[in-house]
>>> print(open('input_10.txt').read())   # compact mmCIF, C-alpha atoms
# COMPACT_ATOMS: atom_id res chain seq x y z
CA MET A 1 -11.43 -65.75 40.61
CA SER A 2 -8.02 -64.97 39.21
CA GLU A 3 -5.14 -65.44 41.61
CA VAL A 4 -3.58 -62.40 43.26
CA ARG A 5 0.12 -62.17 42.55
CA VAL A 6 2.11 -60.09 45.01
CA PHE A 7 5.71 -59.07 44.48
CA ARG A 8 8.40 -57.14 46.28
CA ARG A 9 11.95 -56.07 45.60
CA ARG A 10 14.53 -58.56 46.83
CA SER A 11 16.38 -57.43 49.93
CA ASP A 12 19.81 -57.69 48.27
CA VAL A 13 18.85 -55.31 45.46
CA GLN A 14 20.09 -51.76 45.86
CA ILE A 15 18.92 -48.82 43.78
CA LYS A 16 21.77 -46.53 42.78
CA PRO A 17 21.36 -43.16 41.08
CA VAL A 18 23.12 -42.74 37.72
CA GLY A 19 22.76 -39.19 36.45
CA ARG A 20 19.00 -38.63 36.13
CA SER A 21 18.34 -42.36 35.96
CA VAL A 22 18.96 -45.28 38.30
CA ALA A 23 20.56 -48.69 38.23
CA ALA A 24 19.76 -51.76 40.31
CA PHE A 25 22.67 -53.61 41.88
CA VAL A 26 22.01 -57.29 42.63
CA ARG A 27 24.57 -58.28 45.21
CA GLU A 28 24.16 -62.03 44.90
CA GLN A 29 24.57 -61.98 41.13
CA LYS A 30 27.22 -59.25 41.15
CA ALA A 31 25.16 -57.59 38.42
CA LEU A 32 24.13 -54.04 37.67
CA HIS A 33 21.01 -53.26 35.61
CA VAL A 34 20.39 -49.77 34.26
CA LEU A 35 16.64 -49.17 34.45
CA ASN A 36 14.41 -47.38 31.97
CA PRO A 37 11.85 -44.94 33.47
CA THR A 38 9.03 -47.50 33.64
CA ALA A 39 11.24 -50.18 35.16
CA ARG A 40 12.38 -47.63 37.71
CA LEU A 41 8.79 -46.80 38.68
CA ILE A 42 7.96 -50.47 39.16
CA LEU A 43 11.07 -51.37 41.09
CA GLU A 44 10.86 -48.36 43.38
CA TYR A 45 7.17 -49.11 44.04
CA LEU A 46 8.11 -52.66 44.98
CA ASP A 47 10.12 -51.37 47.90
CA GLU A 48 6.92 -52.44 49.66
CA PRO A 49 4.96 -55.57 48.59
CA ALA A 50 2.40 -54.83 45.89
CA SER A 51 -0.02 -56.85 43.80
CA GLN A 52 -0.01 -56.86 40.03
CA GLU A 53 -3.30 -54.89 40.07
CA GLU A 54 -1.80 -52.25 42.34
CA LEU A 55 1.12 -51.95 39.95
CA VAL A 56 -1.24 -51.57 36.98
CA ALA A 57 -3.12 -48.81 38.80
CA MET A 58 0.14 -47.04 39.72
CA LEU A 59 1.42 -47.18 36.14
CA LEU A 60 -1.87 -45.98 34.66
CA GLU A 61 -1.74 -42.99 36.96
CA ALA A 62 1.92 -42.27 36.28
CA THR A 63 1.86 -42.72 32.50
CA ASP A 64 -0.45 -41.95 29.59
CA GLY A 65 -0.53 -45.59 28.50
CA LEU A 66 -3.58 -47.61 27.51
CA GLU A 67 -4.54 -50.26 30.05
CA ALA A 68 -3.96 -53.16 27.65
CA ASP A 69 -0.48 -51.85 26.82
CA VAL A 70 0.35 -51.20 30.47
CA ARG A 71 -0.69 -54.74 31.43
CA ALA A 72 1.37 -56.27 28.63
CA ASP A 73 4.42 -54.14 29.47
CA LEU A 74 4.07 -54.95 33.17
CA ASP A 75 3.89 -58.69 32.43
CA ASP A 76 7.14 -58.42 30.47
CA ALA A 77 8.81 -56.29 33.11
CA LEU A 78 7.85 -58.61 35.99
CA ALA A 79 9.06 -61.65 34.06
CA THR A 80 12.39 -59.92 33.38
CA PHE A 81 12.73 -58.80 37.00
CA LEU A 82 12.02 -62.31 38.28
CA GLU A 83 14.50 -63.82 35.82
CA ASN A 84 17.20 -61.38 36.92
CA GLN A 85 16.40 -61.79 40.61
CA LEU A 86 15.46 -58.15 41.12
CA ILE A 87 12.11 -59.06 42.68
CA GLU A 88 10.47 -62.05 44.29
CA ARG A 89 6.93 -63.27 44.32
CA ILE A 90 5.58 -63.53 47.84
CA SER A 91 2.09 -64.81 47.04
CA MET B 1 70.20 -61.99 28.20
CA SER B 2 69.30 -58.33 28.77
CA GLU B 3 67.36 -56.87 31.68
CA PHE B 4 64.69 -54.19 31.55
CA LEU B 5 62.20 -52.46 33.78
CA VAL B 6 58.68 -51.63 32.61
CA ALA B 7 56.37 -49.64 34.88
CA LEU B 8 52.67 -49.91 34.05
CA GLY B 9 49.83 -48.79 36.28
CA GLU B 10 50.24 -50.24 39.74
CA SER B 11 52.76 -52.82 38.49
CA ARG B 12 56.42 -52.99 37.67
CA PHE B 13 57.96 -55.71 35.60
CA HIS B 14 61.53 -56.94 35.64
CA LEU B 15 62.11 -58.44 32.21
CA GLU B 16 65.02 -60.70 31.42
CA LEU B 17 65.03 -61.27 27.70
CA SER B 18 67.03 -63.19 25.12
CA GLU B 19 68.77 -60.89 22.65
CA ASP B 20 66.26 -61.47 19.83
CA CYS B 21 63.34 -60.68 22.15
CA ALA B 22 65.16 -57.68 23.61
CA ALA B 23 65.53 -56.30 20.08
CA LEU B 24 61.73 -56.35 19.73
CA LEU B 25 61.03 -54.71 23.10
CA PRO B 26 60.90 -51.10 21.79
CA ALA B 27 58.11 -52.15 19.42
CA PHE B 28 56.03 -53.29 22.40
CA TYR B 29 57.09 -51.18 25.36
CA PRO B 30 58.88 -48.08 24.08
CA ALA B 31 59.33 -46.70 27.60
CA ALA B 32 61.13 -49.79 28.94
CA GLN B 33 64.33 -48.88 30.75
CA ALA B 34 67.44 -50.62 31.88
CA THR B 35 66.75 -52.02 35.33
CA GLY B 36 66.98 -49.76 38.31
CA ALA B 37 65.68 -49.48 41.84
CA LEU B 38 62.04 -50.40 42.31
CA GLU B 39 59.75 -47.96 43.99
CA ALA B 40 57.38 -49.32 46.61
CA PRO B 41 54.47 -49.96 46.83
CA LEU B 42 53.99 -51.10 43.24
CA ALA B 43 53.45 -54.81 42.68
CA GLU B 44 56.59 -56.40 41.22
CA HIS B 45 56.76 -59.21 38.72
CA ALA B 46 59.77 -60.99 37.31
CA MET B 47 59.42 -62.36 33.79
CA ALA B 48 61.95 -63.99 31.52
CA ILE B 49 62.27 -65.28 27.98
CA GLU B 50 65.42 -67.28 27.39
CA THR B 51 66.80 -69.52 24.69
CA LEU B 52 66.85 -73.16 25.76
CA ASP B 53 67.44 -76.20 23.52
CA ALA B 54 67.09 -74.08 20.36
CA SER B 55 63.65 -72.78 21.38
CA LEU B 56 62.45 -69.82 23.39
CA VAL B 57 61.13 -70.48 26.86
CA GLY B 58 59.06 -67.91 28.72
CA THR B 59 58.73 -67.99 32.50
CA TRP B 60 56.35 -65.80 34.43
CA THR B 61 53.48 -65.75 36.90
CA GLU B 62 50.06 -66.45 35.49
CA ALA B 63 47.55 -63.83 36.68
CA SER B 64 44.59 -66.21 36.84
CA SER B 65 46.25 -68.87 39.00
CA GLY B 66 49.07 -66.95 40.66
CA ARG B 67 51.38 -69.82 39.72
CA ALA B 68 54.63 -69.71 37.78
CA VAL B 69 54.22 -71.04 34.24
CA GLU B 70 56.73 -72.03 31.59
CA LYS B 71 55.84 -71.76 27.91
CA ARG B 72 57.75 -72.61 24.74
CA PHE B 73 57.64 -70.45 21.62
CA SER B 74 58.66 -70.92 18.02
CA GLY B 75 60.04 -67.43 17.61
CA PRO B 76 60.68 -64.11 19.33
CA GLU B 77 57.55 -62.41 18.01
CA ALA B 78 55.26 -65.15 19.34
CA ALA B 79 57.09 -65.01 22.66
CA MET B 80 56.75 -61.25 22.91
CA PHE B 81 53.03 -61.31 22.08
CA ALA B 82 52.53 -63.89 24.85
CA LEU B 83 54.61 -61.81 27.26
CA GLU B 84 52.55 -58.75 26.41
CA GLU B 85 49.31 -60.60 27.11
CA ALA B 86 50.64 -61.94 30.42
CA ILE B 87 51.72 -58.42 31.42
CA GLU B 88 48.27 -57.02 30.60
CA LEU B 89 46.55 -59.65 32.76
CA LEU B 90 48.89 -58.93 35.66
CA VAL B 91 48.34 -55.17 35.34
CA ILE B 92 44.58 -55.77 35.52
CA ALA B 93 44.96 -58.14 38.48
CA ASP B 94 47.11 -55.57 40.33
CA ALA B 95 44.63 -52.75 39.74
CA THR B 96 43.17 -52.14 43.18
CA ASN B 97 42.95 -48.35 43.01
CA ASN B 98 42.53 -48.13 39.27
CA LEU B 99 39.63 -48.88 36.98
CA ALA B 100 41.00 -50.97 34.12
CA LEU B 101 39.16 -50.43 30.85
CA HIS B 102 39.59 -51.79 27.34
CA GLY B 103 40.91 -48.82 25.43
CA GLY B 104 43.41 -46.04 25.66
CA ALA B 105 43.69 -42.39 26.56
CA VAL B 106 45.07 -39.13 25.27
CA ARG B 107 45.64 -35.76 26.87
CA THR B 108 44.32 -32.55 25.37
CA GLY B 109 45.19 -29.44 27.34
CA PRO B 110 45.15 -30.30 31.04
CA SER B 111 42.55 -33.05 30.71
CA ALA B 112 42.44 -36.64 29.57
CA CYS B 113 39.98 -38.45 27.35
CA LEU B 114 39.46 -42.21 27.56
CA ILE B 115 38.88 -43.87 24.20
CA LEU B 116 37.06 -47.15 24.79
CA GLY B 117 35.58 -49.91 22.67
CA ASP B 118 35.59 -53.49 21.51
CA SER B 119 38.26 -54.89 19.23
CA ASN B 120 37.86 -53.49 15.70
CA SER B 121 35.74 -50.56 16.91
CA GLY B 122 38.46 -48.18 15.78
CA LYS B 123 39.87 -47.16 19.16
CA SER B 124 43.54 -47.66 18.26
CA SER B 125 43.16 -45.75 15.00
CA THR B 126 41.29 -42.99 16.88
CA ILE B 127 44.10 -42.73 19.45
CA PHE B 128 46.61 -42.74 16.60
CA GLN B 129 44.79 -39.92 14.80
CA LEU B 130 44.46 -37.84 17.97
CA VAL B 131 48.16 -38.25 18.74
CA GLU B 132 49.10 -37.29 15.20
CA LEU B 133 46.79 -34.28 15.49
CA GLY B 134 48.77 -33.12 18.53
CA ALA B 135 47.09 -34.76 21.53
CA GLY B 136 49.42 -36.19 24.19
CA PHE B 137 49.63 -39.98 24.27
CA LEU B 138 48.79 -41.59 27.61
CA CYS B 139 47.96 -45.22 27.04
CA GLU B 140 46.77 -47.93 24.68
CA GLU B 141 45.02 -51.27 25.04
CA ILE B 142 44.42 -50.86 28.76
CA ALA B 143 43.14 -47.54 30.01
CA LEU B 144 43.76 -47.15 33.72
CA CYS B 145 41.87 -44.51 35.65
CA ASP B 146 42.96 -43.79 39.22
CA THR B 147 39.74 -43.72 41.26
CA ARG B 148 41.33 -41.65 44.04
CA THR B 149 42.17 -38.75 41.74
CA TRP B 150 40.12 -39.59 38.61
CA THR B 151 43.23 -39.15 36.53
CA ALA B 152 44.38 -41.28 33.60
CA VAL B 153 47.39 -43.43 34.45
CA PRO B 154 50.12 -43.53 31.77
CA TYR B 155 50.56 -46.95 30.19
CA PRO B 156 53.12 -46.47 27.43
CA GLN B 157 52.47 -49.44 25.18
CA SER B 158 52.71 -49.19 21.39
CA LEU B 159 49.61 -49.16 19.20
CA ALA B 160 48.77 -52.06 16.88
CA LEU B 161 47.58 -50.65 13.55
CA THR B 162 47.26 -51.96 10.04
CA GLU B 163 49.81 -51.13 7.36
CA ALA B 164 46.97 -49.92 5.13
CA LEU B 165 45.79 -47.31 7.64
CA LEU B 166 49.31 -46.03 8.26
CA GLU B 167 50.08 -45.86 4.54
CA GLU B 168 46.83 -44.03 3.83
CA PHE B 169 47.49 -41.61 6.63
CA ALA B 170 51.18 -41.13 5.80
CA SER B 171 50.47 -40.33 2.16
CA SER B 172 47.94 -37.64 3.11
CA PHE B 173 49.29 -36.13 6.29
CA GLY B 174 52.68 -37.63 7.15
CA ILE B 175 53.41 -39.48 10.39
CA THR B 176 55.45 -38.24 13.32
CA GLY B 177 55.64 -41.51 15.27
CA ARG B 178 57.84 -44.56 14.63
CA ARG B 179 56.70 -47.68 12.83
CA HIS B 180 57.78 -51.22 13.72
CA PRO B 181 56.55 -53.86 11.26
CA LEU B 182 55.73 -57.12 13.03
CA VAL B 183 53.46 -59.81 11.65
CA PRO B 184 51.80 -58.42 8.47
CA PRO B 185 49.43 -56.64 8.14
CA ILE B 186 49.97 -55.35 11.70
CA VAL B 187 52.44 -52.59 12.38
CA ARG B 188 53.32 -51.32 15.83
CA TYR B 189 53.19 -47.55 16.05
CA VAL B 190 55.10 -45.67 18.73
CA PRO B 191 53.99 -42.06 19.30
CA HIS B 192 56.76 -39.49 18.97
CA GLN B 193 56.21 -38.38 22.54
CA LEU B 194 55.70 -40.87 25.36
CA PRO B 195 54.16 -40.12 28.73
CA GLY B 196 56.41 -40.03 31.75
CA GLN B 197 55.54 -42.46 34.53
CA GLY B 198 54.22 -40.73 37.61
CA ASP B 199 54.51 -37.18 36.37
CA GLU B 200 51.28 -36.98 34.43
CA THR B 201 48.18 -36.05 36.34
CA SER B 202 45.52 -35.49 33.75
CA PRO B 203 41.97 -35.57 35.15
CA VAL B 204 39.64 -37.57 32.97
CA ASN B 205 36.85 -35.34 31.73
CA ARG B 206 35.73 -37.16 28.58
CA ILE B 207 35.07 -40.63 27.27
CA LEU B 208 34.96 -41.20 23.54
CA LEU B 209 33.36 -44.35 22.13
CA PRO B 210 34.43 -44.68 18.49
CA ARG B 211 32.51 -46.98 16.21
CA PHE B 212 33.61 -47.71 12.67
CA ARG B 213 30.55 -48.46 10.54
CA GLN B 214 30.91 -49.03 6.80
CA GLY B 215 29.00 -46.42 4.80
CA ALA B 216 27.58 -44.65 7.85
CA PRO B 217 27.47 -40.86 7.93
CA THR B 218 29.86 -39.31 10.44
CA SER B 219 28.19 -38.34 13.70
CA VAL B 220 29.15 -37.33 17.21
CA SER B 221 26.48 -37.76 19.86
CA ASP B 222 26.40 -37.01 23.56
CA LEU B 223 25.44 -39.91 25.85
CA ALA B 224 23.68 -39.45 29.19
CA PRO B 225 25.38 -41.12 32.18
CA ASP B 226 22.97 -44.08 32.21
CA GLN B 227 23.48 -44.67 28.48
CA ALA B 228 27.23 -44.39 28.92
CA LEU B 229 27.25 -46.74 31.91
CA THR B 230 25.53 -49.55 30.02
CA GLU B 231 28.19 -49.44 27.33
CA VAL B 232 31.28 -48.57 29.34
CA LEU B 233 30.62 -51.40 31.81
CA GLY B 234 31.12 -53.76 28.90
CA TYR B 235 34.63 -52.41 28.41
CA SER B 236 35.72 -52.75 32.03
CA PHE B 237 37.97 -55.60 33.05
CA GLN B 238 37.13 -57.91 35.94
CA PRO B 239 38.10 -55.85 38.95
CA ASN B 240 40.40 -56.74 41.77
CA ALA B 241 37.78 -55.26 44.08
CA ASP B 242 34.33 -56.35 45.16
CA ALA B 243 31.59 -56.00 42.56
CA GLU B 244 29.72 -53.19 44.30
CA THR B 245 32.86 -51.08 44.68
CA HIS B 246 33.58 -51.62 41.00
CA PHE B 247 30.07 -50.57 39.96
CA ASP B 248 30.14 -47.54 42.27
CA ARG B 249 33.42 -46.48 40.67
CA MET B 250 31.99 -46.97 37.19
CA ILE B 251 28.92 -44.91 38.08
CA ALA B 252 31.13 -42.17 39.55
CA LEU B 253 33.22 -42.16 36.36
CA VAL B 254 30.31 -41.77 33.92
CA GLU B 255 28.73 -39.12 36.13
CA ARG B 256 31.82 -36.93 36.22
CA VAL B 257 32.73 -37.04 32.52
CA GLN B 258 31.08 -36.21 29.22
CA THR B 259 30.67 -39.27 27.03
CA PHE B 260 30.55 -39.05 23.25
CA ARG B 261 29.93 -41.62 20.59
CA LEU B 262 31.75 -41.11 17.31
CA VAL B 263 30.40 -43.01 14.30
CA TYR B 264 32.55 -42.83 11.19
CA SER B 265 33.27 -44.73 8.00
CA SER B 266 36.65 -43.38 6.89
CA ALA B 267 39.88 -42.14 8.42
CA ALA B 268 39.39 -38.72 6.81
CA ALA B 269 35.88 -38.39 8.28
CA ALA B 270 37.14 -39.42 11.72
CA ARG B 271 40.00 -36.92 11.49
CA ALA B 272 37.64 -34.06 10.68
CA ALA B 273 35.27 -34.98 13.52
CA LEU B 274 38.11 -35.38 16.03
CA THR B 275 39.67 -32.06 15.02
CA GLU B 276 36.40 -30.31 15.71
CA LEU B 277 35.50 -32.19 18.89
CA PHE B 278 38.90 -31.68 20.52
CA GLU B 279 39.61 -28.29 18.91
CA LEU B 280 42.97 -29.57 17.66
>>> encode(input="input_10.txt", output="structure tokens")
Amino acid sequence: MSEVRVFRRRSDVQIKPVGRSVAAFVREQKALHVLNPTARLILEYLDEPASQEELVAMLLEATDGLEADVRADLDDALATFLENQLIERIS
Amino acid sequence: MSEFLVALGESRFHLELSEDCAALLPAFYPAAQATGALEAPLAEHAMAIETLDASLVGTWTEASSGRAVEKRFSGPEAAMFALEEAIELLVIADATNNLALHGGAVRTGPSACLILGDSNSGKSSTIFQLVELGAGFLCEEIALCDTRTWTAVPYPQSLALTEALLEEFASSFGITGRRHPLVPPIVRYVPHQLPGQGDETSPVNRILLPRFRQGAPTSVSDLAPDQALTEVLGYSFQPNADAETHFDRMIALVERVQTFRLVYSSAAAARAALTELFEL
């Protein structure tokens, strides 16, 4: 069985609207990240804990992407979010 | 020694200068005045450059440490450049109500446009062209935007331009401002009309991001607030406010203005694009 990876948005990350888009403010890092539409979907979804599979399902429903592409993009996005302390892995 | 007063943003500077440095002051701060009464509540700084033991010695407060420093210089130009840099850092450190951005601003009609960018992006030459086309000069090098009123704060510093640009421009169109040659090939340009301190309330309604690119076709494009934010954040100076307040102010700024990117490869192309964009 493959392990279930569950993530959630870090509590010190605030989503701020910028025009029709949003930015994520990371208080601890004093950093602001402007999010593209897919990153926004993921980060807003992670307001509550979610597994990688739940995120894949959400993105497939919200976009017209192919599953292989969605999985690859999600892997990249989660790695970037973890690196920039926007999310944390809780299991 | 001569004494002067320079008011910039939320700061006022008392300058005490040796005669050779005082002679250069109009090339740096054309709106400097003989000293007078200071108006509260602006932050006040005393700075001096005097001749000691056949060299120039500058004394002022260092913005980063808050301590008084003493520096020696080989000549008046080097001393004045150092003084200018120290003043800029203090203006940024004093900016509690203002956003401090790397760039300048002009006034067209009742509104102001911030012109922002990295060094060598063409912001000074863009400000120069706009002023020569009839826009009102507001500031150069540091663009201060009052976050209580969203107005551009006058910062009457001269523009640093190259001799080549000024010569090219002068031969084609003539120049109304004054030129002060300093260290070649840089010339300080002083617009013919300087902003008055405290009597200019021009709401900022545009940001222009010029970008000189060799051989590129001229283009003006509109940036959405999120696109503008990513770039404009890079031109903001470290705030004297907490990070979240600074970001909130930056977001508010890009949401309330129109942001344009101007790509150009020659002064003539930039002039044509600016004339059209600003209806000058």
>>> residues_near_point(input="input_10.txt", point="(26.3, -57.7, 47.3)", cutoff="10 Å", atoms="only C-alpha atoms", output="PDB file with C-alpha atoms, keeping the file's coordinate frame")
ATOM      1  CA  ASP A  12      19.810 -57.690  48.270  1.00  0.00           C
ATOM      2  CA  VAL A  13      18.850 -55.310  45.460  1.00  0.00           C
ATOM      3  CA  GLN A  14      20.090 -51.760  45.860  1.00  0.00           C
ATOM      4  CA  PHE A  25      22.670 -53.610  41.880  1.00  0.00           C
ATOM      5  CA  VAL A  26      22.010 -57.290  42.630  1.00  0.00           C
ATOM      6  CA  ARG A  27      24.570 -58.280  45.210  1.00  0.00           C
ATOM      7  CA  GLU A  28      24.160 -62.030  44.900  1.00  0.00           C
ATOM      8  CA  GLN A  29      24.570 -61.980  41.130  1.00  0.00           C
ATOM      9  CA  LYS A  30      27.220 -59.250  41.150  1.00  0.00           C
ATOM     10  CA  ALA A  31      25.160 -57.590  38.420  1.00  0.00           C
TER      11      ALA A  31
ATOM     12  CA  ASP B 242      34.330 -56.350  45.160  1.00  0.00           C
ATOM     13  CA  ALA B 243      31.590 -56.000  42.560  1.00  0.00           C
ATOM     14  CA  GLU B 244      29.720 -53.190  44.300  1.00  0.00           C
ATOM     15  CA  THR B 245      32.860 -51.080  44.680  1.00  0.00           C
TER      16      THR B 245
END
>>> interface_residues(input="input_10.txt", of="chain B", to="chain A", cutoff="6 Å", atoms="all atoms listed in the file", output="VMD selection string")
chain B and resid 225 to 226 243 255
>>> axis_aligned_box(input="input_10.txt", around="range 17-26 of chain A", padding_each_side="6 Å", output="AutoDock Vina command-line options")
--center_x 20.7 --center_y -48.0 --center_z 39.3 --size_x 16.8 --size_y 30.7 --size_z 18.7
>>> closest_residue(input="input_10.txt", among="B:Pro181, B:Gly104, B:Pro203, B:Gly109", to="Leu24 in chain B", atoms="all atoms listed in the file")
B:Pro181
>>> atom_distance(input="input_10.txt", atom1="CA of Ala267 in chain B", atom2="CA of Val232 in chain B")
23.5 Å
>>> residues_around(input="input_10.txt", residues="Gly177 in chain B", least_positions_apart="4", cutoff="7 Å", atoms="all atoms listed in the file", output="list of chain:residue names")
B:Tyr189, B:Val190, B:Pro191, B:His192
>>> closest_residue(input="input_10.txt", among="B:Gln214, B:Leu99, B:Asp118, B:Ala268", to="Arg249 in chain B", atoms="only C-alpha atoms")
B:Leu99
>>> residues_around(input="input_10.txt", residues="Asp73 in chain A", least_positions_apart="2", cutoff="12 Å", atoms="only C-alpha atoms", output="ChimeraX atom specification")
/A:38-39,42,52,55-56,59-60,65-71,75-80
>>> residues_around(input="input_10.txt", residues="Glu3 in chain B", least_positions_apart="2", cutoff="12 Å", atoms="only C-alpha atoms", output="PyMOL selection string")
chain B and resi 1+5-6+13-19+21-23+25+32-36+46-50
>>> atom_distance(input="input_10.txt", atom1="CA of Asp20 in chain B", atom2="CA of Ile142 in chain B")
25.9 Å
>>> closest_residue(input="input_10.txt", among="B:Phe173, B:Trp150, B:Trp60, B:Phe73", to="Glu44 in chain B", atoms="all atoms listed in the file")
B:Trp60
>>> residues_near_point(input="input_10.txt", point="(43.1, -35.3, 36.3)", cutoff="8 Å", atoms="all atoms listed in the file", output="list in words")
Pro110, Ser111, Ala112, Thr149, Trp150, Thr151, Ala152, Thr201, Ser202, Pro203, Val204 and Asn205 of chain B
>>> atom_distance(input="input_10.txt", atom1="CA of Leu165 in chain B", atom2="CA of Ser125 in chain B")
8.0 Å
>>> closest_residue(input="input_10.txt", among="B:Leu56, B:Ala68, B:Ala93, B:Leu277", to="Ala43 in chain B", atoms="only C-alpha atoms")
B:Ala93
